[in-house]
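Each remark here refers to the structure printed beneath this line.
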Amino acid sequence: MPDKKTARLSLATHELADHYLSGRIGRAIQPVAFTPAPEFLAQAPTPNRHYAEAVRLIAAQAPLRILPGERLVGAATLKEAMQHRMPATPFGSLSHSTLGFEKAMQVGYRGIRAEIEARMRRGGLDEEGEDLLRAMRVCLEAAAVWQARYVAAVEQLVSDSAGEDKRHYAGVLAALRRVPENPPETFREAVQALWLLWDFQRLCGNWSGLGRIDKMLGPFLRRDLEAGLISIDEARELLAHFWIKGCEWITAQDRGSGDAQFYQNIILAGVDEAGVPVLNEVTGLVLDVVEELHISDFPIAVRIAADTPEWLLHRIATLQRLGGGIVAVYNDDRIIPSLVRFGYPLEEARNYANDGCWEILIPGKTRFGYQPFDALLLLQETLGVSAAEASPRQNKAECTEWIARPRGAGTLECFADFEALYADFKSRLAREVNRLLDERPFDKAPCPLFSLLVDGCVERGRSYLDGGPCYTVRSPHAGGLPDVANSLLVIRRLVYEEKSLTLSRLAEVLSSDWEGQELLRRRIQADFDFYGNDNAEADALLQRVFNDFTDLVGATRERHGVLRPAGISTFGREGSGFLPHRTATASGRKKGAILAPNFSPSPGTDQRGPTAVIKSHCSVDFSKLPCGTALDLKILPASVRGETGLQALAGLMRAFVRLGGIFMQIDVVDGALLRAAQEHPELYPNLSVRVSGWSARFATLARDWQDMVIARTEQTL
Amino acid sequence: MTRGVEPPPVTGWVYDIQRFSIHDGPGIRTTVFLKGCPLRCAWCHNPESQDCGVEIAMNPGLCIGCGRCLAACPRQCQAMEAGRRLFRREGCLRCGACAASCPVRALEVIGKDRTVESVLQEVLQDKPFYETSGGGMTLSGGEPMAQFAFTLALARAAKEAGLHVCLETCGFAAWEQYEQMLEVTDVFLYDYKESDPVRHREFTGVPPDAILDNLRRLDERGAALVLRCPLVPGYNARDGHLRAIADLANGLRHVQEVNLMPYHPLGEAKCDRLGKESRLRESRFPDESEVSRWLETVAAQTRVPVKRI
């Protein structure tokens with residue numbers, strides 16, 4: 001039921017939201033019941049042709065779904081798509097990018113088709129290019145077929161209904177007929193067009209971020225408002241339906257990490273290519289909708305800067321305080337200059353979005369990938385410590401970054417001082433970074449549908465995965481830096497300053513997981529001011545590790561035609577699930593403990609509150625980190641009560657901007673509530689929390705992920 | 001040639017510095033908690049703040065029974081008898097050796113003698129946050145006026161560093177001292193604990209006259225005031241007192257806000273750890289409907305904004 005304080009949406013819209021959020025729609029989705037005909041496959045089609053044929057079949061045969069009262073139509077109704085696969089084929093699908101919806105809205109499918117035709121006429125494409133562009137053309141035709149099926153179905157509904165229903169369907173039909181084949185002309189057409197553009201990709205298994213929705217839709221709304229074609233309340237209802245339909249895959253039975261949000265991030269505010277603020281009516285309406293429906297399935301990040309108006313920060317704070325971490329912030333004042341410094345043209349930098357999670361990229365022009373590695377494993381190598389467990393990924397060449405390589409025994413004494421030990425760690429860091437920088441990510445897997453909405457693919461006659469986009473990005477992502485810095489702090493003091501134990505002895509203690517050394521471990525935890533406490537000594541070590549990593553990556557802007565911006569993340573690797581071979585750490589962590597998520601403090605080590613965390617976090621020079629990182633800040637509801645609480649949250653965000661941070665998500669959440677939800681998930685089906693940049697329904701997370709969230713929550717009080 | 005001898009730096013007993021305090025004045029603040037208080041309120045939730053100087057707190061829940069403190073204590077105050085931890089405070093010198101030996105912070109030294117400069121440096125660490133939120137430093141306690149020289153010096157140093165300063169005070173100090181604080185204090189968070197003089201003396205240990213007198217004189221001098229009113233079931237949470245709060249606010253010209261502070265019984269646990277006895281009659285959190293009624297009752301009788309803290 002709508003909350004009285006914020007109720008602006010109709011009861012019918014609330015009922016529709018409840019229907020989607022219950023998971024009934026998602027659970028009803030069936031596996032695909034068709035595949036390309038044997039005769040077609042017998043012709044040994046190219047992968048692109050095979051893929052395009054499947055797109056054609058999906059468009060023609062995927063079940064339609066039109067719910068009563070829905071103001072937008074189009075539905076991604078195939079189970080394989082929910083599983084990140086291309087339905088009806090053996091092929092995989094794509095995510096971790098934001099497609100060029102903005103351009104597609106400007107030119108329509110017809111503009112893209114014209115571009116393809118022109119490119120083919122111009123000639124000079126090789127056989128691969130011809131093959132790709134033909135497949136892209138088939139995909140466009142298929143998209144038109146899918147849209148035409150919805151047009152026909154709604155026409156039928158119009159003729160079968162009467163009165164209010166008839167008027168409703170006629171309205172749906174009017175907005176649907178021309179788009180997205182043609183550029184939309186009204187706000188309602190624009191919302192419908194964006195939905196169809198995005199959801200057709202989803203139907204075929206591709207999970208794209210949405211990108212800058214207020215920038216794309218705002219101008220249409222302003223024009224319609226001025227012309228008196230729509231009221232602000234009607235516009236809000238339309239956007240609410242967009243949000244509700246974004247929950248079409250909720251099942252509450254997801255596997256894996258259980259993140260039900262499918263990398264469908266949305267960006268608000270910021271500036272346009274010319275540097276003009278985007279902030280418009282749609283920005284406010286989106287926040288209205290999220291506040292009222294509390295739908296977290298489109299994680300939102302607002303681009304803020306020193307000149308962001310106070311009311312917007314208050315709106316963000318209000319939403320943050322609802323819990324769920326639905327709204328995060330990016331710092332334009334930091335990010336735009338660092339993208340320019342990295343080498344992007346200013347106009348491109350101003351238009352940044354993310355990959356559907358939080359990594360920064362230029363939407364509609366970028367093939368994005370990141371290469372995670374764990375810096376703690378490198379320190380583990382330096383110390384010659386290894387766990388009994390093998391790396392779970394040893395057989396996968398692309399994941400060798402997760403293998404700790406053993407070192408020769410008895411060599412620790414060669415580290416005469418801390419600098420010698422650090423030099424060894426740094427050389428291993430350099431080895432790892434250089435290996436990553438040398439990777440060639442190009443791939444011949446078919447993806448003509450995705451390539452349709454990425455600039456450069458048509459012109460170059462190469463797919464999204466094969467060097468087609470304007471920018472192909474592989475970002476080396478370090479994990480574990482806070483725990484490395486904390487460990488080095490302990491080693492330096494105990495081994496080299498106090499000399500209260502030798503390095504060999506410490507290595508034994510870590511190998512044995514602190515066996516018999518509980519007092520020493522507790523003492524370390526109690527006595528050290530680690531990263532996250534605004535302590536100059538601890539932060540200086542973090543800065544050193546950070547600088548060495550970013551300098552190593554920064555020396556190579558581009559290699560093999562691939563951009564290499566540095567990033568810092570863990571995305572769940574702070575838990576032991578991915579890294580069972582990580583040992584205990586010198587910072588007093590036992591083996592298997594949950595470590596620092598992304599670039600946030602290690603759970604329990606930050607004891608001086610959120611301002612100290614932000615100060616420590618922002619003590620590094622983030623202009624050296626163009627791919628970005630995340631600070632996950634958890635705050636107890638009681639500490640941000642009342643109007644003062646909103647002021648405080650706004651103050652935290654403003655200070656984060658001033659201190660030069662990149663991305664911060666504030667989660668106002670109570671540890672006790674999360675524990676209750678873990679025990680009784682049935683009572684909290686829609687409780688959402690933000691995990692690694694995308695928010696998730698807590699109840700759908702795997703238990704070890706829930707533990708990570710709880711650990712982080714309870715410690716930052 | 002003679003060299004000038006610098007006066008010794010002003011120091012004060014500080015027992016905690018809390019960053020991101022947001023209910024002790026406007027914006028994001030750092031609250032400096034000073035030791036020493038002339039009052040002995042029955043409901044005191046910071047009993048560790050009452051005495052000046054060092055105290056030793058023990059939290060048996062954290063103790064892991066390692067026995068290091070037994071060896072560390074020069075007076076054998078720490079003991080283990082029949083599996084139970086004992087802290088015989090009679091002989092305690094408050095030297096802190098036990099706490100220094102404790103690996104898990106089950107024993108802690110409360111209170112540290114600090115210079116104005118060192119406290120100010122710590123407070124200034126959050127300056128960017130004060131600037132973005134309209135916050136600053138709040139002096140609290142204990143009773144900051146109990147260490148007047150230090151409080152004045154710290155507030156003055158903070159003002160010179162461009163900070164907004166709040167003073168949280170019980171009002172029980174010489175007027176001449178408050179007069180000096182006027183210049184270096186932006187907002188006085190002024191306690192109003194009990195309207196009935198007899199009860200006031202009984203519950204807090206002192207008569208209310210000087211407190212009310214100081215309050216009126218601050219108001220006459222135009223000081224920005226926030227009335228801070230603890231409401232404790234079993235003591236002062238009655239309609240007559242609620243009315244008196246509103247009357248007091250109405251009778252003064254510069255009260256910006258009335259803060260009602262529903263009592264919480266967390267001070268009791270602290271008493272146990274300090275070896276002090278709690279004097280509470282009732283030990284419970286007031287329920288929400290009770291608190292709402294208090295808020296409404298006061299708000300209905302005054303034009304000054306009433307907030308729950």
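Naming works like this for the structure tokens: A, B, ... for the chains as they're shown, residue 1 at the start of each chain, ligands 1 onward in shown order.
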Do you have, as JSON lines, the list of residues of chain A lying at most 7 Å from chain B, each with its nearest atom pair and that distance in Å to one decimal, counting only C-alpha atoms and ordered by chain then number?
```
{"residue": "A:Leu519", "atom": "CA", "partner": "B:Pro103", "partner_atom": "CA", "distance": 6.3}
{"residue": "A:Arg522", "atom": "CA", "partner": "B:Pro103", "partner_atom": "CA", "distance": 6.0}
{"residue": "A:Arg523", "atom": "CA", "partner": "B:Pro103", "partner_atom": "CA", "distance": 4.6}
{"residue": "A:Ala526", "atom": "CA", "partner": "B:Val104", "partner_atom": "CA", "distance": 6.3}
{"residue": "A:Arg608", "atom": "CA", "partner": "B:Arg19", "partner_atom": "CA", "distance": 6.5}
{"residue": "A:Gly609", "atom": "CA", "partner": "B:Phe20", "partner_atom": "CA", "distance": 6.4}
{"residue": "A:Pro610", "atom": "CA", "partner": "B:Phe20", "partner_atom": "CA", "distance": 7.0}
{"residue": "A:Thr611", "atom": "CA", "partner": "B:Phe20", "partner_atom": "CA", "distance": 6.3}
{"residue": "A:Thr644", "atom": "CA", "partner": "B:Gly27", "partner_atom": "CA", "distance": 6.4}
{"residue": "A:Gly645", "atom": "CA", "partner": "B:Ile22", "partner_atom": "CA", "distance": 6.9}
{"residue": "A:Gln647", "atom": "CA", "partner": "B:Ser133", "partner_atom": "CA", "distance": 6.2}
{"residue": "A:Ala648", "atom": "CA", "partner": "B:Ile28", "partner_atom": "CA", "distance": 5.6}
{"residue": "A:Gly651", "atom": "CA", "partner": "B:Ser133", "partner_atom": "CA", "distance": 4.3}
{"residue": "A:Leu652", "atom": "CA", "partner": "B:Phe129", "partner_atom": "CA", "distance": 6.5}
{"residue": "A:Arg654", "atom": "CA", "partner": "B:Thr132", "partner_atom": "CA", "distance": 5.9}
{"residue": "A:Ala655", "atom": "CA", "partner": "B:Phe129", "partner_atom": "CA", "distance": 5.6}
```
Go ahead and write the selection's residues with N, CA and C atoms as a JSON list (two decimals), in the first residue's frame.
```json
[["chain", "number", "residue", "atom", "x", "y", "z"],
["A", 519, "LEU", "N", 46.14, -14.67, 21.49],
["A", 519, "LEU", "CA", 46.38, -13.42, 22.21],
["A", 519, "LEU", "C", 47.09, -12.41, 21.33],
["A", 522, "ARG", "N", 44.57, -11.04, 18.86],
["A", 522, "ARG", "CA", 43.65, -10.08, 19.47],
["A", 522, "ARG", "C", 44.36, -8.76, 19.76],
["A", 523, "ARG", "N", 45.59, -8.88, 20.20],
["A", 523, "ARG", "CA", 46.37, -7.69, 20.52],
["A", 523, "ARG", "C", 46.54, -6.83, 19.26],
["A", 526, "ALA", "N", 43.42, -5.07, 18.51],
["A", 526, "ALA", "CA", 43.06, -4.00, 19.45],
["A", 526, "ALA", "C", 44.01, -2.81, 19.36],
["A", 608, "ARG", "N", 36.22, 4.83, 13.95],
["A", 608, "ARG", "CA", 36.02, 6.25, 14.22],
["A", 608, "ARG", "C", 34.92, 6.87, 13.37],
["A", 609, "GLY", "N", 34.06, 6.04, 12.85],
["A", 609, "GLY", "CA", 32.89, 6.58, 12.17],
["A", 609, "GLY", "C", 33.12, 6.92, 10.71],
["A", 610, "PRO", "N", 32.04, 7.31, 10.05],
["A", 610, "PRO", "CA", 32.07, 7.49, 8.60],
["A", 610, "PRO", "C", 32.99, 8.62, 8.12],
["A", 611, "THR", "N", 33.15, 9.67, 8.93],
["A", 611, "THR", "CA", 34.00, 10.76, 8.44],
["A", 611, "THR", "C", 35.45, 10.28, 8.34],
["A", 644, "THR", "N", 18.39, 16.68, 10.99],
["A", 644, "THR", "CA", 19.84, 16.74, 11.18],
["A", 644, "THR", "C", 20.52, 15.59, 10.46],
["A", 645, "GLY", "N", 19.87, 14.43, 10.48],
["A", 645, "GLY", "CA", 20.43, 13.27, 9.82],
["A", 645, "GLY", "C", 20.56, 13.47, 8.32],
["A", 647, "GLN", "N", 20.81, 16.39, 6.83],
["A", 647, "GLN", "CA", 21.90, 17.36, 6.65],
["A", 647, "GLN", "C", 23.25, 16.67, 6.73],
["A", 648, "ALA", "N", 23.35, 15.74, 7.66],
["A", 648, "ALA", "CA", 24.63, 15.05, 7.85],
["A", 648, "ALA", "C", 24.96, 14.20, 6.63],
["A", 651, "GLY", "N", 26.02, 16.39, 3.97],
["A", 651, "GLY", "CA", 27.36, 16.87, 4.28],
["A", 651, "GLY", "C", 28.42, 15.83, 3.97],
["A", 652, "LEU", "N", 28.12, 14.57, 4.24],
["A", 652, "LEU", "CA", 29.08, 13.49, 3.91],
["A", 652, "LEU", "C", 29.32, 13.45, 2.41],
["A", 654, "ARG", "N", 28.85, 15.91, 0.18],
["A", 654, "ARG", "CA", 29.59, 17.10, -0.26],
["A", 654, "ARG", "C", 31.08, 16.99, 0.09],
["A", 655, "ALA", "N", 31.36, 16.49, 1.29],
["A", 655, "ALA", "CA", 32.76, 16.37, 1.68],
["A", 655, "ALA", "C", 33.46, 15.33, 0.81]]
```
message = I want to know what sits within 7 Å of Asp113 of chain B, based on only C-alpha atoms, with residues of the same chain fewer than 2 positions away left out; could you give that as a list in words?
response = Thr11, Gly12, Trp13, Val14 and Gly111 of chain B
Tell me, as a PyMOL selection string, which residues lie within 9 Å of Ser140 of chain B, counting only C-alpha atoms; anything in the same chain fewer than 5 positions away does not count.
-> chain B and resi 24+31-35+166-169
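Residues within 10 Å of Glu248 of chain A, counting only C-alpha atoms and excluding same-chain residues fewer than 3 positions away, are His19, Tyr20, Leu21, Gly23, Arg24, Ile25, Gly26, Arg27, Ile29, Ala75, Ala76, Thr77, Met82, Trp243, Ile244, Lys245, Thr251 and Asp297 of chain A.
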Would you save the residues from that selection as a PDB file, in the first residue's frame, using C-alpha atoms?
```pdb
ATOM      1  CA  HIS A  19       2.411  -8.222  -8.666  1.00  0.00           C
ATOM      2  CA  TYR A  20       5.898  -7.965 -10.189  1.00  0.00           C
ATOM      3  CA  LEU A  21       7.700  -7.820  -6.847  1.00  0.00           C
ATOM      4  CA  GLY A  23       8.111 -12.937  -8.133  1.00  0.00           C
ATOM      5  CA  ARG A  24       5.102 -14.496  -9.841  1.00  0.00           C
ATOM      6  CA  ILE A  25       6.023 -13.037 -13.229  1.00  0.00           C
ATOM      7  CA  GLY A  26       9.645 -14.099 -13.030  1.00  0.00           C
ATOM      8  CA  ARG A  27       8.854 -17.604 -11.855  1.00  0.00           C
ATOM      9  CA  ILE A  29       9.054 -17.644 -17.340  1.00  0.00           C
ATOM     10  CA  ALA A  75       8.601  -8.392 -22.175  1.00  0.00           C
ATOM     11  CA  ALA A  76      11.725 -10.524 -21.904  1.00  0.00           C
ATOM     12  CA  THR A  77      10.064 -13.893 -21.501  1.00  0.00           C
ATOM     13  CA  MET A  82      17.635 -14.712 -17.326  1.00  0.00           C
ATOM     14  CA  TRP A 243      10.549   0.714 -13.055  1.00  0.00           C
ATOM     15  CA  ILE A 244       7.996  -1.966 -12.356  1.00  0.00           C
ATOM     16  CA  LYS A 245       8.703  -3.752 -15.624  1.00  0.00           C
ATOM     17  CA  THR A 251      11.984 -14.856  -8.831  1.00  0.00           C
ATOM     18  CA  ASP A 297      16.114  -3.377  -9.230  1.00  0.00           C
TER      19      ASP A 297
END
```
As a PDB file with N, CA and C atoms, in the first residue's frame, please: the residues near Thr472 of chain A (cut-off 12 Å, only C-alpha atoms, same-chain neighbours under 6 positions excluded).
```pdb
ATOM      1  N   SER A  97      28.207  -3.556 -19.803  1.00  0.00           N
ATOM      2  CA  SER A  97      28.377  -2.401 -20.670  1.00  0.00           C
ATOM      3  C   SER A  97      27.075  -1.626 -20.669  1.00  0.00           C
ATOM      4  N   LEU A 361      32.729   4.119 -17.701  1.00  0.00           N
ATOM      5  CA  LEU A 361      33.010   3.966 -19.128  1.00  0.00           C
ATOM      6  C   LEU A 361      32.214   4.992 -19.931  1.00  0.00           C
ATOM      7  N   ILE A 362      32.525   5.062 -21.220  1.00  0.00           N
ATOM      8  CA  ILE A 362      31.798   5.954 -22.114  1.00  0.00           C
ATOM      9  C   ILE A 362      30.689   5.120 -22.758  1.00  0.00           C
ATOM     10  N   PRO A 363      29.420   5.450 -22.480  1.00  0.00           N
ATOM     11  CA  PRO A 363      28.325   4.577 -22.930  1.00  0.00           C
ATOM     12  C   PRO A 363      28.179   4.568 -24.445  1.00  0.00           C
ATOM     13  N   GLY A 364      27.782   3.393 -24.960  1.00  0.00           N
ATOM     14  CA  GLY A 364      27.499   3.286 -26.391  1.00  0.00           C
ATOM     15  C   GLY A 364      28.738   3.291 -27.258  1.00  0.00           C
ATOM     16  N   LYS A 365      29.915   3.313 -26.652  1.00  0.00           N
ATOM     17  CA  LYS A 365      31.145   3.362 -27.443  1.00  0.00           C
ATOM     18  C   LYS A 365      32.202   2.411 -26.927  1.00  0.00           C
ATOM     19  N   THR A 366      31.888   1.695 -25.858  1.00  0.00           N
ATOM     20  CA  THR A 366      32.936   0.981 -25.140  1.00  0.00           C
ATOM     21  C   THR A 366      32.652  -0.501 -25.023  1.00  0.00           C
ATOM     22  N   ARG A 367      33.642  -1.304 -25.370  1.00  0.00           N
ATOM     23  CA  ARG A 367      33.615  -2.697 -24.959  1.00  0.00           C
ATOM     24  C   ARG A 367      34.404  -2.745 -23.658  1.00  0.00           C
ATOM     25  N   PHE A 368      33.744  -3.224 -22.618  1.00  0.00           N
ATOM     26  CA  PHE A 368      34.371  -3.170 -21.310  1.00  0.00           C
ATOM     27  C   PHE A 368      34.678  -4.552 -20.764  1.00  0.00           C
ATOM     28  N   GLY A 369      35.833  -4.677 -20.128  1.00  0.00           N
ATOM     29  CA  GLY A 369      36.156  -5.885 -19.382  1.00  0.00           C
ATOM     30  C   GLY A 369      37.130  -5.526 -18.284  1.00  0.00           C
ATOM     31  N   TYR A 370      37.099  -6.247 -17.184  1.00  0.00           N
ATOM     32  CA  TYR A 370      38.088  -5.989 -16.138  1.00  0.00           C
ATOM     33  C   TYR A 370      38.806  -7.286 -15.777  1.00  0.00           C
ATOM     34  N   ARG A 440      45.256  -9.961 -24.739  1.00  0.00           N
ATOM     35  CA  ARG A 440      44.485  -9.490 -25.894  1.00  0.00           C
ATOM     36  C   ARG A 440      43.079 -10.051 -25.740  1.00  0.00           C
ATOM     37  N   PRO A 441      42.125  -9.190 -25.514  1.00  0.00           N
ATOM     38  CA  PRO A 441      40.793  -9.681 -25.176  1.00  0.00           C
ATOM     39  C   PRO A 441      39.917  -9.981 -26.384  1.00  0.00           C
ATOM     40  N   PHE A 442      40.446  -9.841 -27.584  1.00  0.00           N
ATOM     41  CA  PHE A 442      39.555  -9.939 -28.754  1.00  0.00           C
ATOM     42  C   PHE A 442      38.997 -11.337 -28.901  1.00  0.00           C
ATOM     43  N   ASP A 443      37.795 -11.395 -29.403  1.00  0.00           N
ATOM     44  CA  ASP A 443      37.040 -12.629 -29.329  1.00  0.00           C
ATOM     45  C   ASP A 443      36.125 -12.699 -30.554  1.00  0.00           C
ATOM     46  N   VAL A 454      26.507  -0.121 -30.510  1.00  0.00           N
ATOM     47  CA  VAL A 454      27.822   0.332 -30.062  1.00  0.00           C
ATOM     48  C   VAL A 454      28.535   1.016 -31.223  1.00  0.00           C
ATOM     49  N   ASP A 455      28.867   2.273 -31.022  1.00  0.00           N
ATOM     50  CA  ASP A 455      29.520   3.048 -32.081  1.00  0.00           C
ATOM     51  C   ASP A 455      30.855   2.436 -32.483  1.00  0.00           C
ATOM     52  N   GLY A 456      31.077   2.405 -33.787  1.00  0.00           N
ATOM     53  CA  GLY A 456      32.348   1.913 -34.310  1.00  0.00           C
ATOM     54  C   GLY A 456      32.226   0.555 -34.971  1.00  0.00           C
ATOM     55  N   CYS A 457      31.253  -0.247 -34.519  1.00  0.00           N
ATOM     56  CA  CYS A 457      31.161  -1.623 -35.026  1.00  0.00           C
ATOM     57  C   CYS A 457      30.808  -1.653 -36.516  1.00  0.00           C
ATOM     58  N   ARG A 462      33.528  -4.769 -37.446  1.00  0.00           N
ATOM     59  CA  ARG A 462      33.970  -5.693 -36.403  1.00  0.00           C
ATOM     60  C   ARG A 462      32.991  -5.634 -35.238  1.00  0.00           C
ATOM     61  N   SER A 463      32.828  -6.774 -34.571  1.00  0.00           N
ATOM     62  CA  SER A 463      31.810  -6.847 -33.531  1.00  0.00           C
ATOM     63  C   SER A 463      32.276  -6.173 -32.247  1.00  0.00           C
ATOM     64  N   TYR A 464      31.344  -6.101 -31.325  1.00  0.00           N
ATOM     65  CA  TYR A 464      31.616  -5.577 -29.979  1.00  0.00           C
ATOM     66  C   TYR A 464      32.825  -6.261 -29.349  1.00  0.00           C
ATOM     67  N   LEU A 465      32.912  -7.576 -29.540  1.00  0.00           N
ATOM     68  CA  LEU A 465      33.978  -8.319 -28.868  1.00  0.00           C
ATOM     69  C   LEU A 465      35.277  -8.320 -29.663  1.00  0.00           C
ATOM     70  N   ASP A 466      35.210  -7.870 -30.907  1.00  0.00           N
ATOM     71  CA  ASP A 466      36.359  -8.081 -31.793  1.00  0.00           C
ATOM     72  C   ASP A 466      36.995  -6.774 -32.248  1.00  0.00           C
ATOM     73  N   ARG A 557      48.984   3.296 -21.214  1.00  0.00           N
ATOM     74  CA  ARG A 557      47.613   3.720 -21.460  1.00  0.00           C
ATOM     75  C   ARG A 557      46.920   2.743 -22.405  1.00  0.00           C
ATOM     76  N   GLU A 558      47.669   2.312 -23.402  1.00  0.00           N
ATOM     77  CA  GLU A 558      47.077   1.469 -24.429  1.00  0.00           C
ATOM     78  C   GLU A 558      48.087   0.411 -24.854  1.00  0.00           C
ATOM     79  N   ARG A 559      47.642  -0.803 -25.014  1.00  0.00           N
ATOM     80  CA  ARG A 559      48.504  -1.837 -25.597  1.00  0.00           C
ATOM     81  C   ARG A 559      47.634  -2.765 -26.444  1.00  0.00           C
ATOM     82  N   HIS A 560      48.135  -3.162 -27.589  1.00  0.00           N
ATOM     83  CA  HIS A 560      47.396  -4.017 -28.539  1.00  0.00           C
ATOM     84  C   HIS A 560      46.054  -3.389 -28.915  1.00  0.00           C
ATOM     85  N   GLY A 561      46.006  -2.053 -28.992  1.00  0.00           N
ATOM     86  CA  GLY A 561      44.752  -1.401 -29.364  1.00  0.00           C
ATOM     87  C   GLY A 561      43.699  -1.433 -28.273  1.00  0.00           C
ATOM     88  N   VAL A 562      44.130  -1.684 -27.039  1.00  0.00           N
ATOM     89  CA  VAL A 562      43.197  -1.804 -25.926  1.00  0.00           C
ATOM     90  C   VAL A 562      43.570  -0.782 -24.853  1.00  0.00           C
ATOM     91  N   LEU A 563      42.566  -0.029 -24.357  1.00  0.00           N
ATOM     92  CA  LEU A 563      42.815   0.920 -23.279  1.00  0.00           C
ATOM     93  C   LEU A 563      42.919   0.190 -21.952  1.00  0.00           C
ATOM     94  N   ARG A 564      43.813   0.707 -21.077  1.00  0.00           N
ATOM     95  CA  ARG A 564      44.097  -0.010 -19.826  1.00  0.00           C
ATOM     96  C   ARG A 564      43.958   0.892 -18.595  1.00  0.00           C
ATOM     97  N   PRO A 565      42.762   1.367 -18.283  1.00  0.00           N
ATOM     98  CA  PRO A 565      42.599   2.211 -17.090  1.00  0.00           C
ATOM     99  C   PRO A 565      42.601   1.356 -15.813  1.00  0.00           C
TER     100      PRO A 565
END
```
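All residues of protein, DNA or RNA that reach within 9 Å of segment 543-551 of chain A, judged by only C-alpha atoms and not counting those fewer than 6 positions away in the chain, are A:Lys426, A:Leu429, A:Ala430, A:Val433, A:Ala478, A:Leu481, A:Pro482, A:Val484, A:Ala485, A:Pro565, A:Ala566, A:Gly567, A:Ser619, A:Val620, A:Asp621, A:Lys624, A:Leu625.
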Give me, as a ChimeraX atom specification, the residues of segment 22-150 of chain B that a backbone DSSP run labels strand (DSSP E).
/B:29-34,55-58,78-81,84-87,107-110,112-115,136-141
Exercise: Gly240 of chain B partners within 12 Å, only C-alpha atoms, chain neighbours under 3 positions left out, as an NGL selection string | :B and (194-196 or 235-237 or 243-247 or 294 or 297-298)
Kindly save the residues from that selection, with C-alpha atoms included, as a PDB file, in the first residue's frame.
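That gives us out_5.pdb:
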```pdb
ATOM      1  CA  GLU B 194      14.020  19.316  36.953  1.00  0.00           C
ATOM      2  CA  SER B 195      11.593  22.147  37.609  1.00  0.00           C
ATOM      3  CA  ASP B 196      10.814  21.354  41.241  1.00  0.00           C
ATOM      4  CA  TYR B 235      11.883  11.002  38.022  1.00  0.00           C
ATOM      5  CA  ASN B 236      10.926  14.003  35.946  1.00  0.00           C
ATOM      6  CA  ALA B 237       8.701  12.627  33.174  1.00  0.00           C
ATOM      7  CA  ARG B 243       4.697  22.339  31.252  1.00  0.00           C
ATOM      8  CA  ALA B 244       7.590  23.960  33.077  1.00  0.00           C
ATOM      9  CA  ILE B 245       9.902  23.201  30.141  1.00  0.00           C
ATOM     10  CA  ALA B 246       7.544  25.015  27.778  1.00  0.00           C
ATOM     11  CA  ASP B 247       7.127  27.909  30.223  1.00  0.00           C
ATOM     12  CA  TRP B 294       5.876  14.120  25.775  1.00  0.00           C
ATOM     13  CA  THR B 297       2.634  18.025  25.271  1.00  0.00           C
ATOM     14  CA  VAL B 298       5.618  20.363  25.200  1.00  0.00           C
TER      15      VAL B 298
END
```
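Comparing the minimum interatomic distances between Lys112 of chain B and each of B:Ala57, B:Cys52, B:Leu182, B:Met145, counting only C-alpha atoms, we find that B:Cys52 sits nearest.
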